[in-house]
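*Asks:* So that you have it, the file is upload10.cif, and it contains mmCIF, C-alpha atoms:
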```cif
data_structure
loop_
_atom_site.label_atom_id
_atom_site.label_comp_id
_atom_site.auth_asym_id
_atom_site.auth_seq_id
_atom_site.Cartn_x
_atom_site.Cartn_y
_atom_site.Cartn_z
CA MET A 1127 -1.87 131.48 -82.99
CA SER A 1128 -2.98 127.94 -82.09
CA THR A 1129 -0.77 128.07 -78.99
CA THR A 1130 -2.19 131.46 -78.05
CA LYS A 1131 -5.70 130.18 -78.57
CA THR A 1132 -5.01 127.20 -76.32
CA LEU A 1133 -3.61 129.50 -73.61
CA ALA A 1134 -6.74 131.65 -73.88
CA ARG A 1135 -9.02 128.62 -73.46
CA VAL A 1136 -7.04 127.40 -70.44
CA THR A 1137 -7.31 130.91 -68.99
CA GLY A 1138 -11.06 130.76 -69.49
CA ILE A 1139 -11.27 127.44 -67.65
CA LEU A 1140 -9.25 128.82 -64.75
CA TYR A 1141 -11.48 131.91 -64.67
CA LEU A 1142 -14.51 129.63 -64.46
CA ILE A 1143 -12.92 127.82 -61.50
CA VAL A 1144 -12.35 131.17 -59.79
CA ALA A 1145 -15.92 132.32 -60.46
CA VAL A 1146 -17.62 129.14 -59.25
CA GLY A 1147 -15.33 128.41 -56.32
CA GLY A 1148 -15.18 132.01 -55.18
CA ALA A 1149 -18.95 132.42 -55.33
CA PHE A 1150 -19.41 129.22 -53.33
CA ALA A 1151 -16.94 130.22 -50.62
CA GLU A 1152 -18.38 133.71 -50.28
CA SER A 1153 -21.93 132.33 -50.07
CA VAL A 1154 -20.86 130.03 -47.22
CA ARG A 1155 -19.47 132.97 -45.23
CA THR A 1156 -22.25 135.44 -45.89
CA GLY A 1157 -24.90 132.77 -45.30
CA ALA A 1158 -23.55 132.17 -41.81
CA VAL A 1159 -23.55 135.81 -40.69
CA VAL A 1160 -26.58 137.10 -38.79
CA PRO A 1161 -25.97 140.86 -38.49
CA GLY A 1162 -25.96 141.98 -34.87
CA ASP A 1163 -26.37 138.43 -33.52
CA ALA A 1164 -23.00 136.92 -32.61
CA ALA A 1165 -24.51 133.83 -30.96
CA ALA A 1166 -26.57 132.92 -34.03
CA THR A 1167 -23.59 133.56 -36.30
CA ALA A 1168 -21.33 131.31 -34.22
CA ALA A 1169 -24.02 128.61 -34.17
CA ASN A 1170 -24.26 128.79 -37.97
CA VAL A 1171 -20.50 128.36 -38.30
CA VAL A 1172 -20.60 125.30 -36.03
CA GLN A 1173 -23.51 123.84 -37.97
CA ARG A 1174 -21.75 124.47 -41.29
CA ALA A 1175 -18.24 123.59 -40.15
CA SER A 1176 -17.71 121.11 -42.97
CA LEU A 1177 -18.85 123.67 -45.54
CA PHE A 1178 -16.49 126.25 -44.02
CA HIS A 1179 -13.64 123.77 -44.39
CA VAL A 1180 -14.51 123.09 -48.02
CA ALA A 1181 -14.89 126.83 -48.67
CA PHE A 1182 -11.43 127.42 -47.21
CA VAL A 1183 -9.88 124.90 -49.59
CA ALA A 1184 -11.95 126.22 -52.50
CA ASP A 1185 -10.63 129.74 -51.95
CA LEU A 1186 -7.04 128.52 -51.84
CA VAL A 1187 -7.64 126.83 -55.20
CA ASP A 1188 -9.25 130.06 -56.47
CA PHE A 1189 -6.28 132.20 -55.50
CA THR A 1190 -3.81 129.82 -57.13
CA SER A 1191 -5.95 129.77 -60.26
CA PHE A 1192 -6.18 133.57 -60.27
CA LEU A 1193 -2.39 133.88 -60.10
CA LEU A 1194 -2.09 131.45 -63.01
CA ILE A 1195 -4.63 133.55 -64.91
CA GLY A 1196 -2.37 136.57 -64.50
CA LEU A 1197 0.64 134.61 -65.77
CA LEU A 1198 -1.25 133.24 -68.77
CA LEU A 1199 -2.70 136.64 -69.70
CA PHE A 1200 0.79 138.09 -69.43
CA ALA A 1201 2.04 135.45 -71.87
CA ILE A 1202 -0.82 136.19 -74.27
CA LEU A 1203 -0.74 139.99 -74.11
CA ARG A 1204 2.84 140.98 -73.34
CA SER A 1205 3.58 141.73 -77.02
CA VAL A 1206 0.90 144.43 -77.00
CA ASP A 1207 2.64 146.57 -74.40
CA PHE A 1208 5.21 144.88 -72.19
CA ARG A 1209 5.20 147.51 -69.43
CA VAL A 1210 1.41 147.52 -69.11
CA ALA A 1211 1.41 143.72 -69.08
CA VAL A 1212 3.95 143.74 -66.23
CA ALA A 1213 1.74 146.21 -64.33
CA MET A 1214 -1.26 143.93 -64.82
CA LEU A 1215 0.67 140.92 -63.53
CA ALA A 1216 2.02 142.82 -60.51
CA ILE A 1217 -1.43 144.04 -59.48
CA ASN A 1218 -2.80 140.53 -59.93
CA ALA A 1219 -0.08 139.13 -57.66
CA VAL A 1220 -0.73 141.73 -54.95
CA SER A 1221 -4.42 140.83 -55.05
CA VAL A 1222 -3.64 137.14 -54.60
CA ALA A 1223 -1.31 137.82 -51.67
CA ILE A 1224 -3.90 139.95 -49.83
CA GLN A 1225 -6.71 137.46 -50.43
CA ALA A 1226 -4.59 134.52 -49.27
CA LEU A 1227 -3.52 136.31 -46.10
CA ASN A 1228 -7.13 137.30 -45.47
CA MET A 1229 -8.07 133.62 -45.25
CA LEU A 1230 -6.55 133.62 -41.76
CA ASN A 1231 -9.75 135.42 -40.70
CA HIS A 1232 -11.86 132.67 -42.29
CA ILE A 1233 -9.99 129.88 -40.54
CA GLY A 1234 -9.91 131.94 -37.33
CA ALA A 1235 -13.70 132.10 -37.24
CA LEU A 1236 -13.91 128.34 -37.82
CA LEU A 1237 -11.34 127.46 -35.16
CA VAL A 1238 -12.89 129.71 -32.50
CA ALA A 1239 -16.37 128.37 -33.22
CA THR A 1240 -15.47 124.67 -33.26
CA ASN A 1241 -12.38 124.16 -31.12
CA PRO A 1242 -12.93 124.73 -27.37
CA SER A 1243 -9.19 124.87 -26.69
CA PHE A 1244 -9.01 128.23 -28.45
CA THR A 1245 -11.69 129.75 -26.22
CA ALA A 1246 -10.70 128.25 -22.87
CA GLY A 1247 -11.39 130.77 -20.12
CA MET A 1248 -13.61 132.89 -22.35
CA SER A 1249 -17.32 133.36 -21.87
CA SER A 1250 -19.68 132.11 -24.56
CA GLU A 1251 -20.62 135.70 -25.35
CA ALA A 1252 -16.97 136.64 -25.86
CA SER A 1253 -16.22 133.65 -28.09
CA HIS A 1254 -19.33 134.25 -30.17
CA SER A 1255 -18.35 137.90 -30.62
CA LEU A 1256 -14.90 136.79 -31.73
CA VAL A 1257 -16.37 134.57 -34.44
CA LEU A 1258 -18.44 137.47 -35.74
CA LEU A 1259 -15.40 139.74 -35.60
CA PHE A 1260 -13.27 137.33 -37.63
CA LEU A 1261 -15.97 137.11 -40.32
CA GLU A 1262 -16.28 140.91 -40.41
CA LEU A 1263 -12.51 141.24 -40.69
CA HIS A 1264 -12.60 138.81 -43.61
CA ARG A 1265 -15.25 140.96 -45.31
CA GLN A 1266 -13.13 144.06 -44.85
CA GLY A 1267 -10.02 142.25 -46.09
CA TYR A 1268 -11.94 141.12 -49.14
CA LEU A 1269 -12.88 144.73 -49.86
CA ILE A 1270 -9.28 145.84 -49.55
CA ALA A 1271 -8.23 143.09 -51.96
CA GLN A 1272 -10.97 144.35 -54.31
CA ILE A 1273 -8.85 147.46 -54.91
CA PHE A 1274 -6.32 145.18 -56.58
CA PHE A 1275 -8.42 142.47 -58.20
CA GLY A 1276 -10.51 145.30 -59.59
CA GLY A 1277 -7.49 147.43 -60.40
CA TYR A 1278 -5.83 144.69 -62.43
CA LEU A 1279 -8.78 144.82 -64.83
CA LEU A 1280 -7.76 148.33 -65.94
CA PRO A 1281 -4.44 147.38 -67.61
CA LEU A 1282 -6.02 144.10 -68.71
CA GLY A 1283 -8.86 145.95 -70.43
CA TYR A 1284 -6.38 148.29 -72.11
CA LEU A 1285 -4.35 145.36 -73.42
CA VAL A 1286 -7.48 143.57 -74.61
CA TYR A 1287 -8.65 146.77 -76.34
CA ARG A 1288 -5.34 147.32 -78.15
CA SER A 1289 -4.45 143.72 -78.91
CA GLY A 1290 -6.51 142.99 -82.00
CA MET A 1291 -7.11 139.52 -80.57
CA PHE A 1292 -10.38 140.52 -78.92
CA PRO A 1293 -13.25 142.89 -79.76
CA LYS A 1294 -12.42 146.45 -78.71
CA ALA A 1295 -15.81 146.61 -76.98
CA LEU A 1296 -14.76 143.74 -74.74
CA GLY A 1297 -11.68 145.67 -73.63
CA ALA A 1298 -13.84 148.70 -72.87
CA ILE A 1299 -16.27 146.56 -70.84
CA VAL A 1300 -13.40 145.06 -68.82
CA MET A 1301 -12.12 148.56 -68.01
CA LEU A 1302 -15.62 149.59 -66.96
CA GLY A 1303 -15.65 146.52 -64.72
CA ALA A 1304 -12.51 147.83 -63.04
CA ALA A 1305 -14.27 151.15 -62.44
CA GLY A 1306 -17.23 149.28 -60.93
CA TYR A 1307 -15.11 147.34 -58.44
CA LEU A 1308 -13.15 150.43 -57.42
CA ALA A 1309 -16.33 152.51 -57.08
CA GLY A 1310 -17.70 149.82 -54.75
CA VAL A 1311 -14.69 150.19 -52.47
CA VAL A 1312 -15.03 153.99 -52.48
CA ALA A 1313 -18.76 153.78 -51.72
CA THR A 1314 -18.10 151.43 -48.80
CA TYR A 1315 -15.33 153.40 -47.14
CA ALA A 1316 -17.03 156.73 -47.71
CA THR A 1317 -19.52 155.70 -45.03
CA THR A 1318 -18.81 155.76 -41.29
CA ALA A 1319 -20.18 152.21 -40.94
CA PHE A 1320 -17.86 150.85 -43.68
CA ASP A 1321 -20.90 149.42 -45.40
CA SER A 1322 -22.92 150.60 -48.41
CA SER A 1323 -25.80 149.08 -50.34
CA LEU A 1324 -24.46 150.79 -53.48
CA ALA A 1325 -21.30 148.70 -53.29
CA VAL A 1326 -23.31 145.61 -54.26
CA TYR A 1327 -24.45 147.21 -57.53
CA PHE A 1328 -20.95 148.45 -58.34
CA GLY A 1329 -19.67 144.94 -57.64
CA ILE A 1330 -22.25 143.48 -60.03
CA ALA A 1331 -21.03 145.87 -62.73
CA GLY A 1332 -17.47 144.67 -62.15
CA GLY A 1333 -18.56 141.05 -62.17
CA ILE A 1334 -20.39 141.44 -65.48
CA GLY A 1335 -17.20 142.72 -67.09
CA GLU A 1336 -15.24 139.70 -65.87
CA LEU A 1337 -18.05 137.31 -66.79
CA LEU A 1338 -18.19 138.51 -70.39
CA PHE A 1339 -14.42 138.20 -70.67
CA LEU A 1340 -14.59 134.69 -69.20
CA LEU A 1341 -17.29 133.64 -71.67
CA TRP A 1342 -15.33 135.03 -74.60
CA LEU A 1343 -12.21 133.12 -73.55
CA LEU A 1344 -14.18 129.88 -73.25
CA ALA A 1345 -16.23 130.27 -76.43
CA VAL A 1346 -13.77 131.95 -78.78
CA GLY A 1347 -10.36 132.15 -77.18
CA VAL A 1348 -8.64 134.73 -79.35
CA ARG A 1349 -9.33 136.03 -82.82
CA PRO A 1350 -7.26 134.50 -85.64
CA SER A 1351 -5.18 137.62 -86.11
CA GLU A 1352 -1.86 138.83 -84.85
CA PRO A 1353 -1.78 141.33 -81.98
CA GLN A 1354 -1.01 144.92 -82.84
CA PRO A 1355 2.01 146.06 -80.80
CA VAL A 1356 1.94 149.54 -79.35
CA GLN A 1357 4.65 151.64 -77.79
CA GLY A 1358 6.49 149.83 -75.03
CA VAL A 1359 9.27 147.38 -74.38
CA GLN A 1360 8.59 144.17 -76.29
CA ALA A 1361 9.38 140.74 -74.94
CA ALA A 1362 11.83 138.66 -76.93
#
```
The structure in this file should be written as structure tokens.

*Replies:*
Amino acid sequence: MSTTKTLARVTGILYLIVAVGGAFAESVRTGAVVPGDAAATAANVVQRASLFHVAFVADLVDFTSFLLIGLLLFAILRSVDFRVAVAMLAINAVSVAIQALNMLNHIGALLVATNPSFTAGMSSEASHSLVLLFLELHRQGYLIAQIFFGGYLLPLGYLVYRSGMFPKALGAIVMLGAAGYLAGVVATYATTAFDSSLAVYFGIAGGIGELLFLLWLLAVGVRPSEPQPVQGVQAA
């Protein structure tokens, strides 16, 4: 149990890195965007070029940490239901892959805004529009990834609920967080503009579920009791 408790605490630390670094990187991007004003957006990216660079690195650290979180949670919870734990890990990995690939849009916006060689022969209006487009593509890519980094919470919540190592209420909250993230994606893409104010509130609901799980991992780790296996293939 001491080993499991240590793994849980390390998972909590990694989750904190993801939360802080991810929030910072997203705030850098959203803070630069002036809706409907490509020139002002491009100017903001130029002015905050150093922050954009740091945000890029921060997100790469976040994604690596998030993949490690999936691996550690798999190690902790695989005895509960091996097949569900594998599903959780697979969804986590897909999320990481999409988010990492999506960072090409982040670096694309930075390169177009700050490196004249990439916009040679283009008008200022065209290059500014390209910066805004890259940032919008990143936002859309982030939403697509949300299907998976929200979806992974569903099997995670189930495992937490059934494990006996965490309060059942915490597992239920994590599963509700998954529903919040997924509802945010649905609300966004149900509109013709691919934008919805409701998505923010659904995202907050998802974030609360993850935050409570993070705090539990940091403060408690796991309960001093053995997990209760359920039907499924058990790891050796």

*Asks:* Do you know which residues the PyMOL selection byres ((chain A and resi 1239) around 8) returns on this file, as a PDB file with C-alpha atoms, keeping the file's coordinate frame?

*Replies:*
```
ATOM      1  CA  ALA A1168     -21.330 131.310 -34.220  1.00  0.00           C
ATOM      2  CA  ALA A1169     -24.020 128.610 -34.170  1.00  0.00           C
ATOM      3  CA  VAL A1171     -20.500 128.360 -38.300  1.00  0.00           C
ATOM      4  CA  VAL A1172     -20.600 125.300 -36.030  1.00  0.00           C
ATOM      5  CA  ALA A1235     -13.700 132.100 -37.240  1.00  0.00           C
ATOM      6  CA  LEU A1236     -13.910 128.340 -37.820  1.00  0.00           C
ATOM      7  CA  LEU A1237     -11.340 127.460 -35.160  1.00  0.00           C
ATOM      8  CA  VAL A1238     -12.890 129.710 -32.500  1.00  0.00           C
ATOM      9  CA  THR A1240     -15.470 124.670 -33.260  1.00  0.00           C
ATOM     10  CA  ASN A1241     -12.380 124.160 -31.120  1.00  0.00           C
ATOM     11  CA  PRO A1242     -12.930 124.730 -27.370  1.00  0.00           C
ATOM     12  CA  SER A1253     -16.220 133.650 -28.090  1.00  0.00           C
ATOM     13  CA  HIS A1254     -19.330 134.250 -30.170  1.00  0.00           C
ATOM     14  CA  VAL A1257     -16.370 134.570 -34.440  1.00  0.00           C
TER      15      VAL A1257
END
```

*Asks:* Per residue of stretch 1185-1231 of chain A within 12 Å of stretch 1151-1158 of chain A, what are the shortest atom pair and its distance in Å to one decimal, counting all atoms listed in the file, with rows by chain and residue number, as CSV?

*Replies:*
```
residue,atom,partner,partner_atom,distance
A:Asp1185,CA,A:Ala1151,CA,6.5
A:Leu1186,CA,A:Ala1151,CA,10.1
A:Val1187,CA,A:Ala1151,CA,10.9
A:Asp1188,CA,A:Ala1151,CA,9.7
A:Phe1189,CA,A:Ala1151,CA,11.9
A:Met1229,CA,A:Ala1151,CA,10.9
A:Asn1231,CA,A:Arg1155,CA,11.0
```

*Asks:* Would you kindly return, as a PDB file with C-alpha atoms, keeping the file's coordinate frame, each protein, DNA or RNA residue with an atom no farther than 10 Å from any atom of A:Trp1342, considering only C-alpha atoms and excluding same-chain residues fewer than 6 positions away?

*Replies:*
```pdb
ATOM      1  CA  ALA A1134      -6.740 131.650 -73.880  1.00  0.00           C
ATOM      2  CA  ARG A1135      -9.020 128.620 -73.460  1.00  0.00           C
ATOM      3  CA  GLY A1138     -11.060 130.760 -69.490  1.00  0.00           C
ATOM      4  CA  PHE A1292     -10.380 140.520 -78.920  1.00  0.00           C
ATOM      5  CA  PRO A1293     -13.250 142.890 -79.760  1.00  0.00           C
ATOM      6  CA  LEU A1296     -14.760 143.740 -74.740  1.00  0.00           C
ATOM      7  CA  GLU A1336     -15.240 139.700 -65.870  1.00  0.00           C
ATOM      8  CA  VAL A1348      -8.640 134.730 -79.350  1.00  0.00           C
TER       9      VAL A1348
END
```

*Asks:* Write out as a VMD selection string each polymer residue whose atoms come within 9 Å of A:Val1160, counting all atoms listed in the file; drop sequence neighbours fewer than 5 positions from it.

*Replies:* chain A and resid 1165 to 1167 1170 1258

*Asks:* Tell me which residues the PyMOL selection byres ((chain A and resi 1200) around 12) grabs here, as number ranges by chain.

*Replies:* A: 1130, 1133-1134, 1137, 1193-1199, 1201-1219, 1278, 1281-1282, 1285-1286, 1361

*Asks:* Can you write just those residues out, C-alpha atoms, as an mmCIF file, keeping the file's coordinate frame?

*Replies:*
```cif
data_model
loop_
_atom_site.group_PDB
_atom_site.id
_atom_site.type_symbol
_atom_site.label_atom_id
_atom_site.label_comp_id
_atom_site.auth_asym_id
_atom_site.auth_seq_id
_atom_site.Cartn_x
_atom_site.Cartn_y
_atom_site.Cartn_z
ATOM 1 C CA THR A 1130 -2.190 131.460 -78.050
ATOM 2 C CA LEU A 1133 -3.610 129.500 -73.610
ATOM 3 C CA ALA A 1134 -6.740 131.650 -73.880
ATOM 4 C CA THR A 1137 -7.310 130.910 -68.990
ATOM 5 C CA LEU A 1193 -2.390 133.880 -60.100
ATOM 6 C CA LEU A 1194 -2.090 131.450 -63.010
ATOM 7 C CA ILE A 1195 -4.630 133.550 -64.910
ATOM 8 C CA GLY A 1196 -2.370 136.570 -64.500
ATOM 9 C CA LEU A 1197 0.640 134.610 -65.770
ATOM 10 C CA LEU A 1198 -1.250 133.240 -68.770
ATOM 11 C CA LEU A 1199 -2.700 136.640 -69.700
ATOM 12 C CA ALA A 1201 2.040 135.450 -71.870
ATOM 13 C CA ILE A 1202 -0.820 136.190 -74.270
ATOM 14 C CA LEU A 1203 -0.740 139.990 -74.110
ATOM 15 C CA ARG A 1204 2.840 140.980 -73.340
ATOM 16 C CA SER A 1205 3.580 141.730 -77.020
ATOM 17 C CA VAL A 1206 0.900 144.430 -77.000
ATOM 18 C CA ASP A 1207 2.640 146.570 -74.400
ATOM 19 C CA PHE A 1208 5.210 144.880 -72.190
ATOM 20 C CA ARG A 1209 5.200 147.510 -69.430
ATOM 21 C CA VAL A 1210 1.410 147.520 -69.110
ATOM 22 C CA ALA A 1211 1.410 143.720 -69.080
ATOM 23 C CA VAL A 1212 3.950 143.740 -66.230
ATOM 24 C CA ALA A 1213 1.740 146.210 -64.330
ATOM 25 C CA MET A 1214 -1.260 143.930 -64.820
ATOM 26 C CA LEU A 1215 0.670 140.920 -63.530
ATOM 27 C CA ALA A 1216 2.020 142.820 -60.510
ATOM 28 C CA ILE A 1217 -1.430 144.040 -59.480
ATOM 29 C CA ASN A 1218 -2.800 140.530 -59.930
ATOM 30 C CA ALA A 1219 -0.080 139.130 -57.660
ATOM 31 C CA TYR A 1278 -5.830 144.690 -62.430
ATOM 32 C CA PRO A 1281 -4.440 147.380 -67.610
ATOM 33 C CA LEU A 1282 -6.020 144.100 -68.710
ATOM 34 C CA LEU A 1285 -4.350 145.360 -73.420
ATOM 35 C CA VAL A 1286 -7.480 143.570 -74.610
ATOM 36 C CA ALA A 1361 9.380 140.740 -74.940
#
```

*Asks:* Report as a VMD selection string the residues that result from applying the PyMOL selection byres ((chain A and resi 1270) around 12) to the structure here.

*Replies:* chain A and resid 1220 to 1225 1227 to 1228 1263 to 1269 1271 to 1277 1307 to 1308 1310 to 1312 1314 to 1315 1320

*Asks:* Kindly save the residues from that selection, with C-alpha atoms included, as a PDB file, in the coordinates of the input.

*Replies:*
```pdb
ATOM      1  CA  VAL A1220      -0.730 141.730 -54.950  1.00  0.00           C
ATOM      2  CA  SER A1221      -4.420 140.830 -55.050  1.00  0.00           C
ATOM      3  CA  VAL A1222      -3.640 137.140 -54.600  1.00  0.00           C
ATOM      4  CA  ALA A1223      -1.310 137.820 -51.670  1.00  0.00           C
ATOM      5  CA  ILE A1224      -3.900 139.950 -49.830  1.00  0.00           C
ATOM      6  CA  GLN A1225      -6.710 137.460 -50.430  1.00  0.00           C
ATOM      7  CA  LEU A1227      -3.520 136.310 -46.100  1.00  0.00           C
ATOM      8  CA  ASN A1228      -7.130 137.300 -45.470  1.00  0.00           C
ATOM      9  CA  LEU A1263     -12.510 141.240 -40.690  1.00  0.00           C
ATOM     10  CA  HIS A1264     -12.600 138.810 -43.610  1.00  0.00           C
ATOM     11  CA  ARG A1265     -15.250 140.960 -45.310  1.00  0.00           C
ATOM     12  CA  GLN A1266     -13.130 144.060 -44.850  1.00  0.00           C
ATOM     13  CA  GLY A1267     -10.020 142.250 -46.090  1.00  0.00           C
ATOM     14  CA  TYR A1268     -11.940 141.120 -49.140  1.00  0.00           C
ATOM     15  CA  LEU A1269     -12.880 144.730 -49.860  1.00  0.00           C
ATOM     16  CA  ALA A1271      -8.230 143.090 -51.960  1.00  0.00           C
ATOM     17  CA  GLN A1272     -10.970 144.350 -54.310  1.00  0.00           C
ATOM     18  CA  ILE A1273      -8.850 147.460 -54.910  1.00  0.00           C
ATOM     19  CA  PHE A1274      -6.320 145.180 -56.580  1.00  0.00           C
ATOM     20  CA  PHE A1275      -8.420 142.470 -58.200  1.00  0.00           C
ATOM     21  CA  GLY A1276     -10.510 145.300 -59.590  1.00  0.00           C
ATOM     22  CA  GLY A1277      -7.490 147.430 -60.400  1.00  0.00           C
ATOM     23  CA  TYR A1307     -15.110 147.340 -58.440  1.00  0.00           C
ATOM     24  CA  LEU A1308     -13.150 150.430 -57.420  1.00  0.00           C
ATOM     25  CA  GLY A1310     -17.700 149.820 -54.750  1.00  0.00           C
ATOM     26  CA  VAL A1311     -14.690 150.190 -52.470  1.00  0.00           C
ATOM     27  CA  VAL A1312     -15.030 153.990 -52.480  1.00  0.00           C
ATOM     28  CA  THR A1314     -18.100 151.430 -48.800  1.00  0.00           C
ATOM     29  CA  TYR A1315     -15.330 153.400 -47.140  1.00  0.00           C
ATOM     30  CA  PHE A1320     -17.860 150.850 -43.680  1.00  0.00           C
TER      31      PHE A1320
END
```

*Asks:* Report, in Å to a single decimal, how far apart atom CA of A:Phe1260 and atom CA of A:Ala1226 are.

*Replies:* 14.8 Å

*Asks:* Could you state the separation of atom CA of A:Phe1150 and atom CA of A:Ala1181 in Å, given to one decimal place?

*Replies:*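 According to the coordinates, atom CA of A:Phe1150 and atom CA of A:Ala1181 are separated by 6.9 Å.
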
*Asks:* Of the candidates A:Val1180, A:Val1346, A:Val1136, A:Leu1302, which one gets nearest to A:Ile1330 if we count all atoms listed in the file?

*Replies:*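 Looking only at the distances to A:Ile1330, the closest residue turns out to be A:Leu1302.
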